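Chemist: Just one file: protein_36.cif, with mmCIF, C-alpha atoms and all ligand atoms.
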```
data_protein
#
loop_
_atom_site.label_atom_id
_atom_site.label_comp_id
_atom_site.auth_asym_id
_atom_site.auth_seq_id
_atom_site.Cartn_x
_atom_site.Cartn_y
_atom_site.Cartn_z
CA MET A 1 0.00 0.00 0.00
CA GLN A 2 1.23 3.48 -0.85
CA ASP A 3 1.74 6.12 1.86
CA LEU A 4 -1.64 7.12 3.18
CA HIS A 5 -2.76 10.69 3.77
CA SER A 6 -5.73 12.04 5.69
CA PHE A 7 -8.61 13.71 3.85
CA GLY A 8 -7.44 17.04 5.28
CA TRP A 9 -4.06 16.62 3.58
CA TYR A 10 -5.69 16.23 0.16
CA ALA A 11 -8.24 18.99 0.83
CA ALA A 12 -5.48 21.46 1.77
CA LYS A 13 -3.64 20.71 -1.49
CA LEU A 14 -6.74 21.19 -3.66
CA LYS A 15 -8.41 24.10 -1.88
CA PRO A 16 -6.29 26.82 -3.57
CA HIS A 17 -7.36 25.50 -6.98
CA LEU A 18 -11.08 25.79 -6.24
CA PRO A 19 -13.21 28.94 -6.50
CA LYS A 20 -14.30 30.58 -3.21
CA LYS A 21 -17.97 30.09 -4.07
CA ALA A 22 -17.45 26.32 -3.97
CA PHE A 23 -17.23 26.62 -0.17
CA GLN A 24 -20.53 28.50 0.15
CA PRO A 25 -23.91 26.81 0.78
CA VAL A 26 -26.13 26.33 -2.27
CA PRO A 27 -29.79 26.86 -1.24
CA THR A 28 -31.00 26.42 -4.84
CA ARG A 29 -30.58 22.64 -4.27
CA LEU A 30 -33.88 22.93 -2.39
CA TRP A 31 -35.80 23.41 -5.66
CA GLY A 32 -34.95 19.82 -6.50
CA GLY A 33 -36.20 18.76 -3.07
CA LEU A 34 -39.43 20.69 -3.57
CA ALA A 35 -39.98 18.97 -6.92
CA TYR A 36 -39.54 15.52 -5.29
CA LEU A 37 -41.84 16.52 -2.44
CA VAL A 38 -44.60 17.62 -4.84
CA ILE A 39 -44.22 14.43 -6.91
CA THR A 40 -44.39 12.32 -3.72
CA VAL A 41 -47.51 14.06 -2.37
CA VAL A 42 -49.31 13.90 -5.74
CA ALA A 43 -48.41 10.22 -6.13
CA LEU A 44 -49.55 9.41 -2.57
CA LEU A 45 -52.86 11.23 -3.18
CA THR A 46 -53.34 9.39 -6.48
CA ILE A 47 -53.11 5.99 -4.78
CA GLY A 48 -55.13 7.26 -1.81
CA LEU A 49 -58.01 8.56 -3.94
CA LEU A 50 -57.94 6.13 -6.87
CA ASP A 51 -59.65 2.77 -6.47
CA VAL A 52 -58.31 0.43 -9.13
CA PHE A 53 -56.87 -3.07 -9.22
CA PRO A 54 -53.82 -2.84 -6.87
CA LEU A 55 -51.26 -3.89 -9.50
CA PHE A 56 -51.93 -0.60 -11.32
CA TYR A 57 -50.43 1.16 -8.29
CA VAL A 58 -46.99 -0.44 -8.90
CA PRO A 59 -45.66 2.20 -11.37
CA ILE A 60 -46.76 4.94 -8.94
CA SER A 61 -44.98 3.09 -6.09
CA ILE A 62 -41.79 3.06 -8.16
CA VAL A 63 -42.04 6.84 -8.64
CA ILE A 64 -42.60 7.32 -4.89
CA GLY A 65 -39.65 5.00 -4.06
CA ALA A 66 -37.34 6.83 -6.47
CA SER A 67 -38.43 10.15 -4.92
CA PHE A 68 -37.87 8.81 -1.38
CA ALA A 69 -34.30 7.83 -2.38
CA ALA A 70 -33.56 11.19 -4.04
CA LEU A 71 -34.89 13.03 -0.99
CA GLY A 72 -32.50 10.91 1.10
CA PHE A 73 -29.56 12.01 -1.08
CA LEU A 74 -30.63 15.64 -0.63
CA GLY A 75 -31.09 15.10 3.13
CA HIS A 76 -27.51 13.82 3.29
CA GLU A 77 -26.34 17.00 1.62
CA ILE A 78 -28.51 19.28 3.76
CA LEU A 79 -27.28 17.72 7.01
CA HIS A 80 -23.66 18.31 5.96
CA GLY A 81 -24.59 22.01 6.02
CA THR A 82 -23.94 22.54 2.32
CA VAL A 83 -27.44 23.81 1.47
CA VAL A 84 -28.28 26.15 4.36
CA ARG A 85 -26.07 27.14 7.29
CA LYS A 86 -28.56 27.94 10.08
CA PRO A 87 -28.53 24.85 12.36
CA TRP A 88 -32.28 24.82 13.11
CA LEU A 89 -33.21 25.21 9.43
CA ARG A 90 -30.59 22.63 8.37
CA ASP A 91 -32.04 20.12 10.86
CA PHE A 92 -35.64 20.90 9.94
CA LEU A 93 -35.08 20.51 6.19
CA GLY A 94 -32.90 17.44 6.82
CA ALA A 95 -35.71 15.90 8.90
CA VAL A 96 -38.22 16.51 6.08
CA ALA A 97 -35.89 15.01 3.45
CA PHE A 98 -35.13 11.97 5.63
CA TRP A 99 -38.78 11.52 6.66
CA PRO A 100 -39.43 8.64 4.23
CA LEU A 101 -36.32 6.81 5.47
CA SER A 102 -37.33 7.61 9.08
CA THR A 103 -33.87 8.76 10.16
CA GLY A 104 -33.68 11.73 12.52
CA PRO A 105 -31.21 14.58 11.80
CA LYS A 106 -29.43 14.42 15.17
CA LEU A 107 -28.83 10.67 14.88
CA TRP A 108 -27.73 11.02 11.25
CA ARG A 109 -25.23 13.76 11.99
CA LYS A 110 -23.68 11.73 14.82
CA TRP A 111 -23.60 8.46 12.91
CA HIS A 112 -22.64 9.79 9.49
CA ASN A 113 -20.89 13.19 9.86
CA LEU A 114 -19.12 12.64 13.16
CA THR A 115 -18.36 8.93 12.93
CA HIS A 116 -18.42 7.54 9.36
CA HIS A 117 -16.64 10.57 7.87
CA VAL A 118 -14.09 10.82 10.68
CA HIS A 119 -13.25 7.09 10.86
CA THR A 120 -13.98 5.89 7.30
CA GLN A 121 -13.05 2.24 6.76
CA HIS A 122 -11.48 1.93 10.20
CA GLU A 123 -11.96 -1.68 11.28
CA GLU A 124 -13.43 -0.80 14.66
CA HIS A 125 -14.60 2.79 14.55
CA ASP A 126 -16.50 3.12 11.25
CA PRO A 127 -20.11 1.97 11.87
CA ASP A 128 -20.57 1.49 8.10
CA SER A 129 -17.50 -0.59 7.30
CA TRP A 130 -17.95 -4.28 6.57
CA PRO A 131 -16.78 -6.35 9.56
CA THR A 132 -13.49 -8.21 9.67
CA LEU A 133 -13.22 -11.99 9.68
CA GLU A 134 -12.37 -11.86 13.37
CA ARG A 135 -15.61 -10.07 14.20
CA ILE A 136 -17.67 -12.39 11.99
CA MET A 137 -16.19 -15.40 13.76
CA LYS A 138 -17.57 -14.17 17.08
CA SER A 139 -21.12 -14.94 15.95
CA ARG A 140 -22.14 -18.56 15.51
CA PHE A 141 -24.92 -17.51 13.13
CA LEU A 142 -22.58 -15.46 10.94
CA CYS A 143 -20.03 -18.30 10.93
CA TRP A 144 -22.77 -20.50 9.49
CA VAL A 145 -23.83 -17.84 6.95
CA TYR A 146 -20.25 -17.38 5.73
CA LYS A 147 -19.86 -21.10 5.18
CA LEU A 148 -22.49 -20.91 2.42
CA PRO A 149 -21.10 -20.81 -1.14
CA LEU A 150 -20.20 -17.31 -2.39
CA PRO A 151 -22.93 -17.04 -5.09
CA VAL A 152 -25.61 -17.92 -2.51
CA ARG A 153 -24.26 -15.28 -0.12
CA ALA A 154 -24.05 -12.74 -2.96
CA PHE A 155 -27.68 -13.42 -3.90
CA PHE A 156 -29.01 -12.90 -0.37
CA SER A 157 -26.70 -9.96 0.20
CA PHE A 158 -28.10 -8.20 -2.90
CA CYS A 159 -31.68 -9.00 -1.84
CA SER A 160 -30.92 -7.46 1.57
CA LEU A 161 -30.07 -4.14 -0.09
CA SER A 162 -33.84 -3.60 -0.23
CA PHE A 163 -34.00 -3.20 3.57
CA GLN A 164 -30.40 -2.69 4.73
CA PHE A 165 -30.61 1.08 5.15
CA THR A 166 -33.70 0.94 7.36
CA VAL A 167 -32.35 -1.92 9.48
CA HIS A 168 -28.95 -0.23 9.85
CA SER A 169 -30.62 3.06 10.78
CA VAL A 170 -32.63 1.42 13.58
CA ASN A 171 -29.44 -0.33 14.73
CA MET A 172 -27.56 2.99 14.78
CA PHE A 173 -30.37 4.51 16.86
CA VAL A 174 -30.01 1.75 19.46
CA ILE A 175 -26.20 2.01 19.50
CA TYR A 176 -25.82 5.79 19.55
CA LEU A 177 -28.78 6.86 21.71
CA LYS A 178 -26.82 6.24 24.92
CA GLU A 179 -23.92 8.36 23.65
CA PHE A 180 -26.07 11.48 23.45
CA ASN A 181 -26.16 13.89 26.37
CA PRO A 182 -29.17 12.78 28.51
CA LYS A 183 -30.76 16.21 27.94
CA LYS A 184 -30.68 15.66 24.15
CA ARG A 185 -31.98 12.08 24.21
CA PRO A 186 -35.72 12.95 24.26
CA ALA A 187 -35.23 15.03 21.07
CA VAL A 188 -33.33 12.15 19.39
CA ILE A 189 -36.12 9.71 20.35
CA PHE A 190 -38.77 12.19 19.15
CA GLU A 191 -37.04 12.57 15.76
CA ALA A 192 -36.88 8.78 15.37
CA ILE A 193 -40.45 8.03 16.41
CA VAL A 194 -42.46 10.79 14.68
CA PRO A 195 -41.78 9.66 11.07
CA TRP A 196 -42.71 6.06 11.98
CA MET A 197 -45.88 7.30 13.68
CA THR A 198 -46.96 9.07 10.50
CA TRP A 199 -46.37 5.93 8.42
CA ILE A 200 -48.24 3.77 10.93
CA GLY A 201 -50.99 6.41 11.03
CA LEU A 202 -51.20 6.14 7.24
CA LEU A 203 -51.67 2.36 7.57
CA VAL A 204 -54.62 2.87 9.93
CA TRP A 205 -56.06 5.54 7.62
CA VAL A 206 -55.84 3.87 4.19
CA GLY A 207 -55.74 0.18 5.16
CA PRO A 208 -53.05 -2.44 4.45
CA VAL A 209 -53.41 -2.82 0.65
CA LYS A 210 -53.01 0.84 -0.24
CA TRP A 211 -50.35 1.25 2.49
CA ILE A 212 -48.22 -1.42 0.85
CA PHE A 213 -48.16 0.61 -2.38
CA MET A 214 -47.96 4.03 -0.71
CA PHE A 215 -45.20 3.23 1.79
CA LEU A 216 -43.87 -0.34 2.09
CA LEU A 217 -43.01 -0.98 -1.56
CA PRO A 218 -41.60 2.56 -2.05
CA LEU A 219 -39.50 2.10 1.11
CA LEU A 220 -38.01 -1.14 -0.27
CA ILE A 221 -37.30 0.56 -3.61
CA ALA A 222 -35.71 3.56 -1.87
CA ASN A 223 -33.56 1.22 0.25
CA LEU A 224 -32.47 -0.60 -2.90
CA ILE A 225 -31.46 2.63 -4.67
CA VAL A 226 -29.58 4.23 -1.78
CA MET A 227 -27.93 0.95 -0.75
CA ALA A 228 -26.84 0.21 -4.34
CA TYR A 229 -24.74 3.38 -4.10
CA ILE A 230 -23.72 2.97 -0.46
CA SER A 231 -22.60 -0.63 -1.03
CA THR A 232 -20.17 0.57 -3.72
CA ASN A 233 -18.88 3.56 -1.67
CA HIS A 234 -16.31 1.60 0.34
CA ARG A 235 -16.94 -2.15 0.19
CA LEU A 236 -14.54 -2.81 -2.69
CA ASN A 237 -11.81 -0.75 -1.00
CA PRO A 238 -9.46 -1.92 1.75
CA THR A 239 -9.88 -1.04 5.39
CA THR A 240 -7.35 1.66 6.29
CA GLU A 241 -5.70 2.78 9.53
CA VAL A 242 -5.36 6.31 8.13
CA ASN A 243 -8.57 7.82 6.77
CA ASP A 244 -7.33 8.26 3.20
CA PRO A 245 -10.33 8.77 0.85
CA LEU A 246 -8.30 7.97 -2.24
CA ALA A 247 -7.47 4.56 -0.80
CA ASN A 248 -10.70 3.76 1.03
CA SER A 249 -13.44 5.26 -1.19
CA LEU A 250 -14.75 4.66 -4.67
CA THR A 251 -16.44 7.09 -7.05
CA VAL A 252 -18.88 5.42 -9.43
CA THR A 253 -19.85 6.87 -12.79
CA VAL A 254 -23.44 7.08 -14.00
CA PRO A 255 -25.10 8.83 -16.95
CA LYS A 256 -25.35 12.60 -16.48
CA TRP A 257 -29.13 12.54 -16.06
CA VAL A 258 -28.80 10.06 -13.18
CA ASP A 259 -26.35 12.43 -11.48
CA VAL A 260 -28.90 15.22 -11.90
CA LEU A 261 -31.67 13.08 -10.38
CA HIS A 262 -29.44 11.91 -7.50
CA PHE A 263 -27.70 15.18 -6.61
CA ASN A 264 -24.24 13.89 -7.71
CA PHE A 265 -24.24 11.20 -5.02
CA SER A 266 -21.97 9.09 -7.25
CA TYR A 267 -18.95 11.31 -6.42
CA HIS A 268 -18.11 9.63 -3.13
CA THR A 269 -14.33 10.08 -3.00
CA GLU A 270 -14.81 13.79 -3.71
CA HIS A 271 -17.44 13.89 -0.97
CA HIS A 272 -14.99 12.45 1.57
CA LEU A 273 -12.39 15.07 0.65
CA PHE A 274 -14.85 17.94 0.98
CA PRO A 275 -17.94 16.81 2.95
CA GLY A 276 -18.78 20.46 3.68
CA MET A 277 -18.91 21.38 -0.01
CA SER A 278 -22.04 21.25 -2.16
CA SER A 279 -21.93 18.23 -4.46
CA LYS A 280 -22.62 20.68 -7.30
CA TYR A 281 -18.85 21.30 -7.38
CA TYR A 282 -17.68 17.66 -7.19
CA PRO A 283 -17.05 17.35 -10.95
CA GLN A 284 -14.44 20.12 -10.53
CA VAL A 285 -12.91 18.35 -7.52
CA LYS A 286 -12.76 15.11 -9.53
CA GLN A 287 -10.89 16.85 -12.31
CA LEU A 288 -8.34 18.18 -9.82
CA ILE A 289 -7.86 14.81 -8.10
CA LYS A 290 -7.23 13.19 -11.49
CA GLU A 291 -4.65 15.85 -12.32
CA HIS A 292 -2.83 15.52 -8.97
CA TRP A 293 -3.05 11.81 -8.07
CA PRO A 294 -4.31 9.82 -11.07
CA GLU A 295 -2.59 6.65 -9.86
CA ARG A 296 -4.33 6.72 -6.48
CA TYR A 297 -7.87 7.58 -7.61
CA HIS A 298 -10.51 4.85 -7.97
CA GLU A 299 -13.53 5.28 -10.23
CA MET A 300 -15.69 2.66 -11.85
CA ARG A 301 -18.90 2.45 -13.83
CA PHE A 302 -21.78 1.89 -11.41
CA ASP A 303 -22.91 -1.37 -13.02
CA LYS A 304 -19.35 -2.74 -13.07
CA ALA A 305 -18.91 -1.85 -9.41
CA LEU A 306 -22.08 -3.81 -8.58
CA ILE A 307 -20.85 -6.80 -10.59
CA ALA A 308 -17.50 -6.61 -8.76
CA LEU A 309 -19.38 -6.57 -5.46
CA TRP A 310 -21.28 -9.70 -6.49
CA LYS A 311 -18.12 -11.54 -7.47
CA THR A 312 -15.95 -10.66 -4.48
CA PRO A 313 -16.30 -12.20 -1.04
CA ARG A 314 -16.53 -10.39 2.28
CA PRO A 315 -15.39 -9.98 5.12
CA TYR A 316 -12.00 -8.31 5.49
CA GLN A 317 -8.84 -9.87 6.77
CA ASP A 318 -5.60 -7.90 6.78
CA ARG A 319 -7.31 -5.12 4.78
CA VAL A 320 -8.27 -7.37 1.84
CA LEU A 321 -11.28 -9.59 1.16
CA VAL A 322 -11.41 -13.21 2.22
CA ASP A 323 -13.91 -15.98 1.56
CA PRO A 324 -14.35 -17.84 4.86
CA SER A 325 -15.94 -20.84 3.14
CA SER A 326 -13.04 -21.52 0.77
CA GLY A 327 -10.20 -19.63 2.49
CA GLU A 328 -9.52 -17.83 -0.80
CA VAL A 329 -8.23 -14.28 -0.69
CA PHE A 330 -9.33 -11.61 -3.14
CA GLY A 331 -7.67 -8.22 -3.41
CA ALA A 332 -9.38 -4.93 -2.67
CA LEU A 333 -9.11 -1.82 -4.88
CA GLY A 334 -5.44 -0.75 -4.91
CA GLU A 335 -4.60 -4.03 -3.15
CA GLY A 336 -4.49 -6.46 -6.05
CA LEU A 337 -8.14 -6.47 -7.18
CA ASP A 338 -8.30 -6.52 -10.97
CA THR A 339 -11.86 -5.41 -11.72
CA THR A 340 -11.61 -6.51 -15.36
CA ASN A 341 -10.80 -10.06 -14.32
CA ILE A 342 -11.93 -10.75 -10.79
CA LYS A 343 -10.34 -13.82 -9.34
CA LYS A 344 -8.67 -14.89 -6.16
CA VAL A 345 -5.13 -13.67 -5.66
CA ALA A 346 -2.36 -16.25 -5.39
CA LYS A 347 -2.21 -16.60 -1.65
CA LYS A 348 -4.77 -18.47 0.32
CA VAL A 349 -5.63 -18.10 3.99
CA ARG A 350 -4.34 -21.18 5.71
CA GLU A 351 -7.02 -23.28 7.35
CA SER A 352 -5.07 -22.93 10.59
CA ASP A 353 -5.43 -19.12 10.46
CA LEU A 354 -9.18 -19.38 10.06
CA VAL A 355 -9.33 -21.91 12.88
CA SER A 356 -7.15 -19.75 15.12
CA SER A 357 -9.43 -16.74 14.49
CA LEU A 358 -12.35 -18.91 15.45
CA SER A 359 -10.76 -20.31 18.62
CA ASN A 360 -9.51 -16.86 19.68
CA SER A 361 -13.01 -15.54 19.49
CA LYS A 362 -14.34 -18.51 21.50
CA ASN A 363 -11.69 -17.92 24.18
CA GLN A 364 -12.73 -14.29 24.44
CA LYS A 365 -16.31 -15.25 25.30
ZN ZN B 401 -18.67 7.24 2.83
ZN ZN B 402 -21.52 12.35 3.87
#
```
Now that the file is in, can you turn its structure into structure tokens?
Ligand SMILES: [Zn+2]
Ligand SMILES: [Zn+2]

Modeler:
Amino acid sequence: MQDLHSFGWYAAKLKPHLPKKAFQPVPTRLWGGLAYLVITVVALLTIGLLDVFPLFYVPISIVIGASFAALGFLGHEILHGTVVRKPWLRDFLGAVAFWPLSTGPKLWRKWHNLTHHVHTQHEEHDPDSWPTLERIMKSRFLCWVYKLPLPVRAFFSFCSLSFQFTVHSVNMFVIYLKEFNPKKRPAVIFEAIVPWMTWIGLLVWVGPVKWIFMFLLPLLIANLIVMAYISTNHRLNPTTEVNDPLANSLTVTVPKWVDVLHFNFSYHTEHHLFPGMSSKYYPQVKQLIKEHWPERYHEMRFDKALIALWKTPRPYQDRVLVDPSSGEVFGALGEGLDTTNIKKVAKKVRESDLVSSLSNSKNQK
């Protein structure tokens, strides 16, 4: 692995090359949010007021789900303070944008801004990084899961993208609630419960059939869209001791119109260099990164990144990817992974190493 540098090191080198306005909030991003909000409300009313055979609701559900996801991308941006600066307004607009995904702004800022961004791909401290083999081996259930053949695991792992964000968000709430100042906890609980209450209220109001098409199916679609991106953000990269975005993050490329619809969420390496900058300017940051460190930068077409995810095993061991069922080791990006021809690298984890990880974890219990 090359020398690693912190995100601040890269940001300091690029900052002089960027215009001053790139570091100002961009409130015009809210027009996009308003458009998604109007589409969502109109689509919800259409299902609510229209009585047709339920399958005809499916296309409307897809529109609602896509809008839920896009609002989540905007909420991410808002809560980084890149749209408006006033804290109360930032949190209010962030809460509205994250309403469909039922994630409160205070929890999100702690989990994402203060933890994921600060400790990206750190084995222990990043709540979003895939666990290491050692941690997997501590759970009997996960040991069993990871003994299944890789294609079976890949299939279920991709299916789980349709609910992973929601499950992870609830998990983060449970984990981080106790870390908040006791005076702030009621507000964190309030922000978590109110969105769910509205969705449960909707169920009581419209009944289960319409609710499935107004909320449940759109929620699964939104999870799938946001998790398709999130799963490619870091999971093909190695874990790193130093939070180096060029080593531990991946930017995916999508058609321009998709970037417009998703508020440039594809530019993830750029986002980790400048999380406080509006994503409107990330194409400029990308250009600069490619001029300064072309050999360190990772970018991949979105569909190819998803295929690479399917073909590579998880979890991590010694920064790279290992298949616990076969003991085969695959590289990570910058660590021997050839994305044009994904195959195991020459070395293989010795059975004894896997066994020793397992017995160590049992001894710790
Ligand atoms: Zn990230
Ligand atoms: Zn972020």

Chemist: Check which residues fall inside 8 Å of ligand ZN 401 (chain B) when counting only C-alpha atoms and all ligand atoms, and print them as an MDAnalysis selection string.

Modeler: chainID A and resid 116:117 120 230 233:234 249 268:269 271:272

Chemist: Which residue is closest to A:Gly75? Choose from A:Phe158, A:Phe265, A:Trp205, A:Phe173 and count all atoms listed in the file.

Modeler: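 Counting all atoms listed in the file, the residue closest to A:Gly75 is A:Phe265.
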
Chemist: Let me have the centre and edge lengths of the axis-aligned box enclosing all listed atoms of stretch 55-62 of chain A with 4 Å padding on every side, in Å to one decimal, as AutoDock Vina command-line options.

Modeler:
```
--center_x -46.9 --center_y 0.5 --center_z -8.7 --size_x 18.1 --size_y 16.8 --size_z 13.3
```

Chemist: For ligand ZN 402 (chain B), which residue out of A:Tyr267, A:Tyr146, A:Phe302, A:Trp196 is the nearest one, using only C-alpha atoms and all ligand atoms?

Modeler: A:Tyr267

Chemist: Would you mind listing what lies within 9 Å of stretch 306-317 of chain A as a compact mmCIF listing (two decimals) with C-alpha atoms, keeping the file's coordinate frame, with all atoms listed in the file counted and same-chain residues fewer than 2 positions away left out?

Modeler:
```
# COMPACT_ATOMS: atom_id res chain seq x y z
CA GLU A 123 -11.96 -1.68 11.28
CA TRP A 130 -17.95 -4.28 6.57
CA PRO A 131 -16.78 -6.35 9.56
CA THR A 132 -13.49 -8.21 9.67
CA LEU A 133 -13.22 -11.99 9.68
CA GLU A 134 -12.37 -11.86 13.37
CA ILE A 136 -17.67 -12.39 11.99
CA TYR A 146 -20.25 -17.38 5.73
CA LEU A 150 -20.20 -17.31 -2.39
CA PRO A 151 -22.93 -17.04 -5.09
CA ARG A 153 -24.26 -15.28 -0.12
CA ALA A 154 -24.05 -12.74 -2.96
CA PHE A 155 -27.68 -13.42 -3.90
CA SER A 157 -26.70 -9.96 0.20
CA PHE A 158 -28.10 -8.20 -2.90
CA ALA A 228 -26.84 0.21 -4.34
CA TYR A 229 -24.74 3.38 -4.10
CA SER A 231 -22.60 -0.63 -1.03
CA THR A 232 -20.17 0.57 -3.72
CA ARG A 235 -16.94 -2.15 0.19
CA LEU A 236 -14.54 -2.81 -2.69
CA PRO A 238 -9.46 -1.92 1.75
CA THR A 239 -9.88 -1.04 5.39
CA ARG A 301 -18.90 2.45 -13.83
CA PHE A 302 -21.78 1.89 -11.41
CA ASP A 303 -22.91 -1.37 -13.02
CA LYS A 304 -19.35 -2.74 -13.07
CA ARG A 319 -7.31 -5.12 4.78
CA VAL A 320 -8.27 -7.37 1.84
CA LEU A 321 -11.28 -9.59 1.16
CA VAL A 322 -11.41 -13.21 2.22
CA ASP A 323 -13.91 -15.98 1.56
CA PRO A 324 -14.35 -17.84 4.86
CA GLU A 328 -9.52 -17.83 -0.80
CA VAL A 329 -8.23 -14.28 -0.69
CA PHE A 330 -9.33 -11.61 -3.14
CA GLY A 331 -7.67 -8.22 -3.41
CA ALA A 332 -9.38 -4.93 -2.67
CA THR A 339 -11.86 -5.41 -11.72
CA THR A 340 -11.61 -6.51 -15.36
CA ILE A 342 -11.93 -10.75 -10.79
CA LYS A 343 -10.34 -13.82 -9.34
CA LYS A 344 -8.67 -14.89 -6.16
```

Chemist: Could you complete stretch 275-293 of chain A so that it carries N, CA and C atoms, and give it back as a short mmCIF file (atom, residue, chain, number, x, y, z; two decimals), in the frame of the given file?

Modeler:
```cif
data_model
loop_
_atom_site.label_atom_id
_atom_site.label_comp_id
_atom_site.auth_asym_id
_atom_site.auth_seq_id
_atom_site.Cartn_x
_atom_site.Cartn_y
_atom_site.Cartn_z
N PRO A 275 -16.55 17.09 2.56
CA PRO A 275 -17.94 16.81 2.95
C PRO A 275 -18.75 18.09 3.18
N GLY A 276 -18.07 19.20 3.44
CA GLY A 276 -18.78 20.46 3.68
C GLY A 276 -19.00 21.28 2.42
N MET A 277 -18.74 20.68 1.27
CA MET A 277 -18.91 21.38 -0.01
C MET A 277 -20.14 20.84 -0.75
N SER A 278 -20.89 21.72 -1.39
CA SER A 278 -22.04 21.25 -2.16
C SER A 278 -21.57 20.30 -3.27
N SER A 279 -22.32 19.22 -3.45
CA SER A 279 -21.93 18.23 -4.46
C SER A 279 -22.00 18.81 -5.88
N LYS A 280 -22.59 19.99 -6.01
CA LYS A 280 -22.62 20.68 -7.30
C LYS A 280 -21.20 20.86 -7.85
N TYR A 281 -20.23 21.01 -6.94
CA TYR A 281 -18.85 21.30 -7.38
C TYR A 281 -17.97 20.05 -7.48
N TYR A 282 -18.52 18.86 -7.19
CA TYR A 282 -17.68 17.66 -7.19
C TYR A 282 -17.06 17.32 -8.55
N PRO A 283 -17.73 17.61 -9.68
CA PRO A 283 -17.05 17.35 -10.95
C PRO A 283 -15.73 18.12 -11.07
N GLN A 284 -15.70 19.34 -10.52
CA GLN A 284 -14.44 20.12 -10.53
C GLN A 284 -13.40 19.48 -9.64
N VAL A 285 -13.85 19.00 -8.46
CA VAL A 285 -12.91 18.35 -7.52
C VAL A 285 -12.34 17.08 -8.17
N LYS A 286 -13.20 16.34 -8.85
CA LYS A 286 -12.76 15.11 -9.53
C LYS A 286 -11.65 15.41 -10.54
N GLN A 287 -11.88 16.45 -11.31
CA GLN A 287 -10.89 16.85 -12.31
C GLN A 287 -9.53 17.12 -11.66
N LEU A 288 -9.58 17.84 -10.53
CA LEU A 288 -8.34 18.18 -9.82
C LEU A 288 -7.66 16.94 -9.24
N ILE A 289 -8.45 16.04 -8.67
CA ILE A 289 -7.86 14.81 -8.10
C ILE A 289 -7.15 14.04 -9.21
N LYS A 290 -7.82 13.97 -10.38
CA LYS A 290 -7.23 13.19 -11.49
C LYS A 290 -5.97 13.85 -12.04
N GLU A 291 -5.89 15.17 -11.90
CA GLU A 291 -4.65 15.85 -12.32
C GLU A 291 -3.52 15.62 -11.31
N HIS A 292 -3.87 15.61 -10.02
CA HIS A 292 -2.83 15.52 -8.97
C HIS A 292 -2.41 14.08 -8.65
N TRP A 293 -3.39 13.17 -8.52
CA TRP A 293 -3.05 11.81 -8.07
C TRP A 293 -3.79 10.77 -8.92
#
```
